[in-house]
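Printed here is target_4.txt (compact mmCIF, C-alpha atoms):
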```
# COMPACT_ATOMS: atom_id res chain seq x y z
CA MET A 1 12.76 240.34 43.36
CA LYS A 2 14.39 242.66 40.82
CA ASN A 3 14.61 245.39 43.44
CA LYS A 4 16.28 242.97 45.85
CA LYS A 5 18.79 241.99 43.19
CA SER A 6 19.52 245.63 42.40
CA ILE A 7 20.07 246.39 46.08
CA ARG A 8 22.33 243.36 46.41
CA THR A 9 24.47 244.32 43.40
CA PHE A 10 24.69 247.92 44.59
CA TRP A 11 25.76 246.71 48.02
CA ASN A 12 28.31 244.33 46.50
CA THR A 13 29.85 247.21 44.58
CA ILE A 14 30.06 249.31 47.76
CA LEU A 15 31.45 246.41 49.78
CA CYS A 16 34.06 245.51 47.17
CA SER A 17 35.11 249.16 46.91
CA LEU A 18 35.42 249.62 50.67
CA ILE A 19 37.37 246.40 51.22
CA SER A 20 39.67 247.10 48.28
CA LEU A 21 40.17 250.70 49.36
CA PHE A 22 41.16 249.62 52.86
CA PHE A 23 43.60 246.92 51.85
CA SER A 24 45.05 248.74 48.83
CA LEU A 25 45.77 251.77 51.02
CA ILE A 26 47.55 249.64 53.62
CA ILE A 27 49.46 247.53 51.09
CA GLY A 28 50.27 250.50 48.88
CA SER A 29 51.48 252.62 51.79
CA GLY A 30 53.64 249.73 52.98
CA PHE A 31 55.33 249.34 49.61
CA ALA A 32 55.68 253.12 49.28
CA ILE A 33 57.65 253.14 52.53
CA LEU A 34 59.78 250.22 51.36
CA GLU A 35 60.57 252.14 48.17
CA THR A 36 62.16 254.87 50.27
CA VAL A 37 64.01 252.88 52.96
CA PRO A 38 67.84 252.85 53.04
CA SER A 39 68.00 249.11 52.28
CA LYS A 40 68.62 248.44 48.58
CA PHE A 41 67.15 244.96 48.92
CA TRP A 42 63.76 246.13 50.22
CA ARG A 43 63.68 249.02 47.76
CA GLY A 44 64.23 246.50 45.00
CA VAL A 45 61.48 244.19 46.27
CA ALA A 46 59.03 247.07 46.45
CA LYS A 47 60.04 248.33 43.02
CA VAL A 48 59.48 244.92 41.44
CA TYR A 49 56.06 244.56 43.08
CA VAL A 50 54.92 248.01 41.99
CA GLN A 51 56.18 247.68 38.42
CA ILE A 52 54.55 244.27 37.97
CA PHE A 53 51.09 245.43 38.95
CA LEU A 54 51.40 248.81 37.25
CA ASN A 55 51.94 247.05 33.95
CA ILE A 56 49.52 244.11 34.14
CA PRO A 57 45.84 244.72 33.29
CA LEU A 58 43.37 244.46 36.16
CA LEU A 59 41.44 241.75 34.32
CA VAL A 60 44.54 239.55 34.13
CA VAL A 61 45.28 240.02 37.84
CA THR A 62 41.70 239.11 38.71
CA MET A 63 41.64 236.07 36.45
CA VAL A 64 44.75 234.72 38.16
CA PHE A 65 42.80 234.52 41.41
CA TYR A 66 39.56 233.41 39.78
CA LEU A 67 40.84 230.77 37.35
CA VAL A 68 44.55 230.06 37.74
CA LEU A 69 44.85 229.58 41.51
CA PRO A 70 41.82 227.23 41.77
CA THR A 71 43.32 225.16 38.95
CA TYR A 72 46.72 224.64 40.53
CA THR A 73 45.99 225.02 44.25
CA PRO A 74 43.24 223.95 46.67
CA LEU A 75 42.24 227.60 47.00
CA LYS A 76 38.70 228.20 45.72
CA LEU A 77 37.43 231.76 45.46
CA THR A 78 34.07 233.18 44.49
CA GLY A 79 33.90 235.82 41.80
CA PHE A 80 33.39 238.48 44.44
CA GLN A 81 36.42 237.34 46.44
CA ALA A 82 38.66 237.04 43.40
CA GLY A 83 37.57 240.43 42.08
CA THR A 84 38.10 242.14 45.43
CA ILE A 85 41.55 240.63 45.93
CA GLY A 86 42.58 241.45 42.38
CA LEU A 87 41.33 245.02 42.69
CA SER A 88 43.09 245.48 46.04
CA ILE A 89 46.46 244.30 44.73
CA TYR A 90 46.15 246.15 41.44
CA SER A 91 45.17 249.44 43.09
CA SER A 92 47.86 249.11 45.75
CA ALA A 93 50.56 249.59 43.12
CA PHE A 94 49.10 252.93 42.02
CA ILE A 95 48.62 254.03 45.61
CA ALA A 96 52.21 253.03 46.38
CA GLU A 97 53.49 255.34 43.66
CA THR A 98 51.25 258.14 44.87
CA VAL A 99 52.31 257.83 48.50
CA ARG A 100 55.97 257.41 47.52
CA SER A 101 55.89 260.71 45.67
CA GLY A 102 54.41 262.31 48.78
CA ILE A 103 57.13 260.87 51.02
CA GLN A 104 59.85 262.09 48.69
CA SER A 105 58.24 265.54 48.61
CA VAL A 106 58.81 265.95 52.34
CA GLY A 107 62.13 267.67 52.98
CA THR A 108 64.99 265.43 54.05
CA GLY A 109 65.54 267.75 56.98
CA GLN A 110 62.32 266.46 58.52
CA MET A 111 63.73 262.96 58.82
CA GLU A 112 67.09 264.21 60.01
CA GLY A 113 65.45 266.39 62.64
CA ALA A 114 63.28 263.54 63.90
CA ARG A 115 66.28 261.18 64.12
CA SER A 116 68.35 263.79 65.94
CA ASN A 117 65.56 264.02 68.53
CA GLY A 118 65.90 260.33 69.33
CA MET A 119 63.28 258.81 67.03
CA THR A 120 63.98 255.60 65.17
CA TYR A 121 63.62 255.56 61.39
CA TRP A 122 60.18 253.93 61.62
CA GLN A 123 58.98 256.29 64.35
CA ALA A 124 60.04 259.27 62.27
CA MET A 125 58.28 257.82 59.25
CA ARG A 126 55.08 257.17 61.19
CA TYR A 127 54.81 260.36 63.20
CA VAL A 128 56.61 262.94 61.07
CA ILE A 129 56.95 261.97 57.41
CA LEU A 130 53.74 260.07 56.60
CA PRO A 131 51.30 262.67 58.02
CA GLN A 132 52.90 265.33 55.85
CA ALA A 133 53.11 263.02 52.83
CA PHE A 134 49.41 262.13 52.99
CA ARG A 135 48.43 265.79 53.16
CA ILE A 136 50.48 266.45 50.04
CA VAL A 137 48.94 263.62 48.02
CA ILE A 138 45.29 264.01 49.06
CA PRO A 139 44.18 265.08 45.53
CA SER A 140 46.05 262.21 43.88
CA LEU A 141 44.76 259.70 46.42
CA GLY A 142 41.23 260.95 45.81
CA ASN A 143 41.65 260.24 42.11
CA GLN A 144 42.94 256.76 42.89
CA PHE A 145 39.98 256.05 45.16
CA VAL A 146 37.53 257.17 42.49
CA ASN A 147 39.30 254.98 39.92
CA LEU A 148 39.11 252.08 42.35
CA ILE A 149 35.34 252.40 42.63
CA LYS A 150 34.98 252.51 38.87
CA ASN A 151 37.34 249.55 38.48
CA SER A 152 35.12 247.51 40.79
CA SER A 153 33.16 246.79 37.61
CA ILE A 154 35.75 244.04 37.12
CA LEU A 155 33.38 241.90 39.20
CA ALA A 156 31.10 241.71 36.17
CA PHE A 157 33.71 239.57 34.37
CA VAL A 158 33.85 236.99 37.16
CA ALA A 159 30.17 236.81 38.11
CA GLY A 160 30.74 239.01 41.13
CA PHE A 161 27.12 240.24 41.16
CA ASP A 162 27.97 243.94 41.09
CA LEU A 163 26.26 246.87 39.37
CA MET A 164 27.83 246.21 35.98
CA TYR A 165 26.99 242.50 36.18
CA GLN A 166 23.36 243.34 36.88
CA GLY A 167 23.37 245.92 34.09
CA ASP A 168 24.63 243.32 31.64
CA ILE A 169 21.87 240.90 32.67
CA VAL A 170 19.12 243.51 32.38
CA ALA A 171 20.42 244.71 29.03
CA SER A 172 20.57 241.18 27.60
CA ASN A 173 17.12 240.23 28.93
CA THR A 174 15.23 243.38 28.00
CA PHE A 175 17.29 244.58 25.02
CA GLN A 176 17.14 248.02 26.65
CA THR A 177 20.88 248.50 26.38
CA ILE A 178 21.16 252.27 26.62
CA PRO A 179 18.71 252.76 29.55
CA SER A 180 20.35 249.89 31.43
CA TYR A 181 23.86 251.30 31.22
CA VAL A 182 22.71 254.86 31.82
CA LEU A 183 21.15 253.65 35.08
CA VAL A 184 24.34 251.82 36.00
CA SER A 185 26.31 255.01 35.30
CA LEU A 186 24.02 256.97 37.62
CA PHE A 187 24.61 254.46 40.40
CA TYR A 188 28.37 254.85 39.96
CA LEU A 189 27.97 258.62 40.10
CA VAL A 190 26.15 258.25 43.40
CA LEU A 191 29.27 256.52 44.74
CA THR A 192 32.03 258.58 43.14
CA LEU A 193 30.75 262.16 43.26
CA PRO A 194 30.45 262.40 47.07
CA LEU A 195 33.95 260.96 47.40
CA SER A 196 35.32 263.46 44.88
CA TYR A 197 33.73 266.39 46.69
CA TYR A 198 34.91 265.11 50.06
CA MET A 199 38.50 264.83 48.86
CA GLN A 200 38.27 268.38 47.47
CA TYR A 201 37.00 269.51 50.87
CA LEU A 202 39.93 267.84 52.62
CA GLU A 203 42.34 269.44 50.17
CA LYS A 204 40.95 272.93 50.79
CA LYS A 205 40.87 272.36 54.53
CA GLY A 206 44.50 271.30 54.42
CA VAL A 207 43.94 268.07 56.33
```
What does the file become when written as structure tokens?
Amino acid sequence: MKNKKSIRTFWNTILCSLISLFFSLIIGSGFAILETVPSKFWRGVAKVYVQIFLNIPLLVVTMVFYLVLPTYTPLKLTGFQAGTIGLSIYSSAFIAETVRSGIQSVGTGQMEGARSNGMTYWQAMRYVILPQAFRIVIPSLGNQFVNLIKNSSILAFVAGFDLMYQGDIVASNTFQTIPSYVLVSLFYLVLTLPLSYYMQYLEKKGV
């Protein structure tokens, strides 16, 4: 039974990380683009979004979805759902800043050249600017992805049944605090080290 619980919490951590990584990358990239568009209005909207979630702790963001929304709306979320949504939104702000810096690192001549060849602004962004921007920010994105996996421990605060949650239970039941958290740390290393090495490989390969 304990083995099944450990497998479940390990899987929940992986699942939360993958879902959050996917949505935070999409949301963050979207707001990064909006931060660089000609429209002052959309740049302002993106700036406000990014600054809000850059400066609010992840725990607060998660608690809004776990406690506040169910109190004032019909929306009811499990700890896993609230933690995953909170982590996705929180991480998207950091990814937005990372991708934005990559977009702004691409020479303005690239956009001008693409537009002069008949591309619309959005076509130029999709096919010319973003591919170059992502190559530039691969190391920074890798760091954000690793941080995202580590931040998935937020599930422990909302009964999300992740690795940290299970570690807390084992530590409190057995009083083996140090071995419990050392084991949890090893599980996180299993998740983060391969990703770190893979991002280094992509960086060296120049993808």
So that I can check the surroundings of A:Ser153, please list as number ranges by chain every protein, DNA and RNA residue that reaches within 12 Å of it, counting all atoms listed in the file and ignoring chain neighbours fewer than 6 positions away. A: 9-10, 12-14, 16-17, 58-59, 62, 79-80, 83-84, 86-87, 147, 159-168, 184-185, 187-188
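Between atom CA of A:Ser24 and atom CA of A:Met199 there is a distance of 17.4 Å.
Using only C-alpha atoms for every distance, the candidate list A:Gly142, A:Leu148, A:Gly107, A:Ile178 yields A:Gly107 as the residue closest to A:Val128.
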From the list A:Ser152, A:Ser140, A:Asn117, A:Ser39, the nearest residue to A:Glu203 using all atoms listed in the file is A:Ser140
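Atom pair atom CA of A:Val45 / atom CA of A:Ile95 has a distance of 16.2 Å (rounded to one decimal).
Remark: for A:Ile154, the closest of the candidate residues A:Pro38, A:Ser88, A:Pro74, A:Asn55 is A:Ser88 (distances computed over only C-alpha atoms).
A straight line drawn from atom CA of A:Ile19 to atom CA of A:Leu141 is 16.0 Å long.
Each of A:Tyr181, A:Phe94, A:Phe65, A:Tyr198 was checked against A:Ile27 using only C-alpha atoms; the smallest atom-to-atom distance is that of A:Phe94.
Closest approach to A:Tyr121 among A:Tyr66, A:Ile33, A:Ser101, A:Val137 is made by A:Ile33 (distances from all atoms listed in the file).
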Taking all atoms of stretch 12-20 of chain A that the file lists and extending 6 Å past them on each side, where is the centre of the axis-aligned box and how long are its edges? Answer in Å to one decimal, as JSON.
```
{"center_x": 34.0, "center_y": 247.0, "center_z": 47.9, "size_x": 23.4, "size_y": 17.3, "size_z": 18.6}
```
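The protein and nucleic acid residues lying at most 12 Å from A:Leu189 are Val146, Asn147, Ile149, Lys150, Leu163, Val182, Leu183, Leu195, Ser196 and Tyr197 of chain A, with all atoms listed in the file considered and sequence neighbours fewer than 6 positions away removed.
Neighbours of A:Leu67 closer than or equal to 10 Å, with all atoms listed in the file counted and sequence neighbours fewer than 2 positions away skipped, come out as Thr62, Met63, Val64, Phe65, Leu69, Pro70, Thr71, Tyr72, Lys76, Leu77, Gly79, Ala82 and Val158 of chain A.
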Residues at most 10 Å from A:Gly113, counting all atoms listed in the file, excluding those fewer than 5 positions away in the same chain, as an mmCIF file with C-alpha atoms, in the coordinates of the input?
```
data_model
loop_
_atom_site.group_PDB
_atom_site.id
_atom_site.type_symbol
_atom_site.label_atom_id
_atom_site.label_comp_id
_atom_site.auth_asym_id
_atom_site.auth_seq_id
_atom_site.Cartn_x
_atom_site.Cartn_y
_atom_site.Cartn_z
ATOM 1 C CA THR A 108 64.990 265.430 54.050
ATOM 2 C CA GLY A 118 65.900 260.330 69.330
ATOM 3 C CA MET A 119 63.280 258.810 67.030
ATOM 4 C CA ALA A 124 60.040 259.270 62.270
ATOM 5 C CA VAL A 128 56.610 262.940 61.070
#
```
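Remark: for A:Met125, the closest of the candidate residues A:Val37, A:Ile52, A:Ala46, A:Ile89 is A:Val37 (distances computed over all atoms listed in the file).
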Using the structure just given, write a file holding C-alpha atoms for stretch 56-73 of chain A, as a CSV table (one decimal), in the first residue's frame.
```csv
chain,number,residue,atom,x,y,z
A,56,ILE,CA,2.9,37.5,-5.7
A,57,PRO,CA,4.1,34.4,-3.9
A,58,LEU,CA,3.2,31.1,-5.5
A,59,LEU,CA,1.4,30.0,-2.3
A,60,VAL,CA,-0.9,33.0,-2.4
A,61,VAL,CA,-1.7,32.4,-6.1
A,62,THR,CA,-2.5,28.7,-5.3
A,63,MET,CA,-4.6,29.6,-2.3
A,64,VAL,CA,-6.8,31.9,-4.4
A,65,PHE,CA,-7.8,28.9,-6.5
A,66,TYR,CA,-8.0,26.5,-3.6
A,67,LEU,CA,-9.8,28.6,-1.0
A,68,VAL,CA,-11.0,32.0,-2.4
A,69,LEU,CA,-12.7,30.9,-5.6
A,70,PRO,CA,-14.7,28.1,-4.0
A,71,THR,CA,-15.9,30.5,-1.3
A,72,TYR,CA,-17.2,33.1,-3.7
A,73,THR,CA,-18.0,31.1,-6.8
```
